[in-house]
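Following: one structure in structure tokens, then a few remarks.
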Amino acid sequence: MKCNVMGVAFDNVTMAEAIAAAKNMLTEGVHYCVTPNSEIVYEAMRDEALREMINGADLVLPDGAGVVLGAKILGTPLKEKVAGVDFADHLLAVLAETGGKLFLLGSKPGIAEMAAAEMQRRHEGLQICGMKDGYFTDDAEAVEAVNEACADVLFVCLGAPKQERFMVAHKNDLNVHLMIGLGGSLDAFAGTVKRAPKWMIACNLEWFYRLLQQPSRLGRMMRLPKFLWATVKARGKG
Ligand code: UDP
């Protein structure tokens, strides 16, 4: 079931349901999944092209406490937050079990290699069939690299909206079953950007930890209160 949060149609699923849906997508066809946080929803409110790319995805997961709170304010609560990086980690377990092959695309040179080592340490048997940093100048280069590697799943970690554009533009060129836009997740797997401690995540303070780590994000993070205010106004208008 879909849940409309300021024009973005999220899938109202638990983590287990999201993984079950992703598993089904691995058997045939080409699918893409997006994981917008409140900053991206705020952008999508004003950018119709971005909104269409997000809403055209086969799975739209709420990455962040802000989206979950916004949905609650709007009176259409989501079941839970399904953070992109956690979703990715659960999917790695599925791939390790089924033998599915993964390609990592994005982040700065050297990061995907570090992320791959950590993923394989955590998930024995995981097959990572290729990787490429996200600073290519010609998309065709990246498409060719992915196709040559015969991947089943592609993690697209180019940041929003670049990753959404890439997935939509190349859906028909890529021989993969599932692509997932995962922002800075490779940095988190690699450990170059630390995730908040569990208690902070539980208290919905992950955004604050991220701000402390990367104060340069302050400008874009101001979209979070703006997004929440927009939901309050929308609720007020009914
Ligand atoms: N990135 C990339 N290519 C680009 C721009 C960004 O691969 O042209 C990567 C960047 O190195 C980082 C990720 O995209 O790993 C974006 O991370 P950010 O934390 O901004 O994304 P978020 O998780 O907030 O969407």
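Chain labels run A, B, ... following the order of the structure tokens; each chain numbers its residues from 1, and ligands are numbered from 1 in the order shown.
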**Study point:** All residues having an atom within 9 Å of ligand 1 (only C-alpha atoms and all ligand atoms) as a PyMOL selection string
**Key:** chain A and resi 35-37+39-40+84-85+105-109+111+133-137+156-163+181-188+193+217
Residues within 8 Å of region 235-238 of chain A, only C-alpha atoms, excluding chain neighbours under 5 positions, as a PyMOL selection string: chain A and resi 73-75
The residue from A:Glu48, A:Glu206, A:Glu80, A:Asp58 with the smallest atom-to-atom distance to Met179 (chain A), counting only C-alpha atoms, is A:Asp58
Which of region 13-178 of chain A end up as helix (DSSP H, G or I) when DSSP is run on this backbone - answer as a ChimeraX atom specification?
/A:15-25,38-46,48-55,65-73,84-98,111-122,139-149,162-170
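The smallest atom-to-atom distance between Leu104 (chain A) and any of A:Asn172, A:His90, A:Val67, A:Ala190, using only C-alpha atoms, is found for A:Ala190.
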Among region 28-185 of chain A, which residues does DSSP mark as strand (DSSP E) when it is run on the backbone? Keep the chain and numbering as in the structure and answer as number ranges by chain.
A: 31-34, 59-60, 101-106, 127-132, 153-157, 178-181
Find the nearest atom pair between each residue of region 43-93 of chain A and region 115-132 of chain A for residues within 9 Å, count only C-alpha atoms, give distances in Å to one decimal, sort rows by chain and ascending number, and present the table as a Markdown table.
```
| residue | atom | partner | partner_atom | distance |
| --- | --- | --- | --- | --- |
| A:Asp89 | CA | A:Met119 | CA | 8.0 |
| A:Leu92 | CA | A:His123 | CA | 6.8 |
| A:Ala93 | CA | A:His123 | CA | 6.1 |
```
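Once Leu205 (chain A) and its same-chain neighbours fewer than 4 positions away are set aside, A:Gly64, A:Ala65, A:Gly66, A:Arg195, A:Ala196, A:Pro197, A:Lys198, A:Trp199, A:Met200, A:Ile201, A:Tyr209, A:Arg210, A:Leu211, A:Leu212 remain within 12 Å of it when counting only C-alpha atoms.
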ask   = Within 7 Å of Ile180 (chain A), counting only C-alpha atoms, which residues qualify if same-chain residues fewer than 2 places away don't, as a ChimeraX atom specification?
value = /A:32-34,154-156,178,182
Find the residues near region 14-26 of chain A: any atom within 8 Å, counting only C-alpha atoms, skip ones fewer than 6 places away on the same chain, and give them as a PyMOL selection string.
-> chain A and resi 59+61+79-82+87+90-91+94+152-153+177-178
Save out the residues we just selected, C-alpha atoms, as a CSV table (one decimal), in the first residue's frame.
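So the final result, stored in part_33.csv, reads:
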```
chain,number,residue,atom,x,y,z
A,59,LEU,CA,9.9,0.5,-4.2
A,61,LEU,CA,11.4,3.5,1.1
A,79,LYS,CA,4.7,1.5,9.6
A,80,GLU,CA,8.4,2.3,10.2
A,81,LYS,CA,11.5,3.9,9.0
A,82,VAL,CA,13.4,1.7,6.4
A,87,PHE,CA,17.9,-2.2,3.8
A,90,HIS,CA,19.6,-6.9,4.9
A,91,LEU,CA,19.7,-7.4,1.2
A,94,VAL,CA,19.8,-12.4,1.0
A,152,ASP,CA,22.0,-9.1,-10.4
A,153,VAL,CA,21.9,-6.1,-8.0
A,177,HIS,CA,17.3,-7.1,-11.9
A,178,LEU,CA,17.4,-4.5,-9.1
```
Restricting to only C-alpha atoms, whichever of A:Lys171, A:Lys226, A:Thr76, A:Asp11 is closest to His31 (chain A) is A:Lys171
Can I get the residues of region 95-196 of chain A within 8 Å of region 50-55 of chain A, each with the closest pair of atoms and their distance in Å to one decimal, using only C-alpha atoms, sorted chain first then ascending number, as JSON lines?
```
{"residue": "A:Pro161", "atom": "CA", "partner": "A:Leu50", "partner_atom": "CA", "distance": 7.0}
{"residue": "A:Glu164", "atom": "CA", "partner": "A:Met53", "partner_atom": "CA", "distance": 6.5}
{"residue": "A:Arg165", "atom": "CA", "partner": "A:Met53", "partner_atom": "CA", "distance": 7.3}
{"residue": "A:Val168", "atom": "CA", "partner": "A:Met53", "partner_atom": "CA", "distance": 6.8}
```
From the list A:Arg220, A:Val68, A:Leu174, A:Asp47, the nearest residue to Asn204 (chain A) using only C-alpha atoms is A:Val68
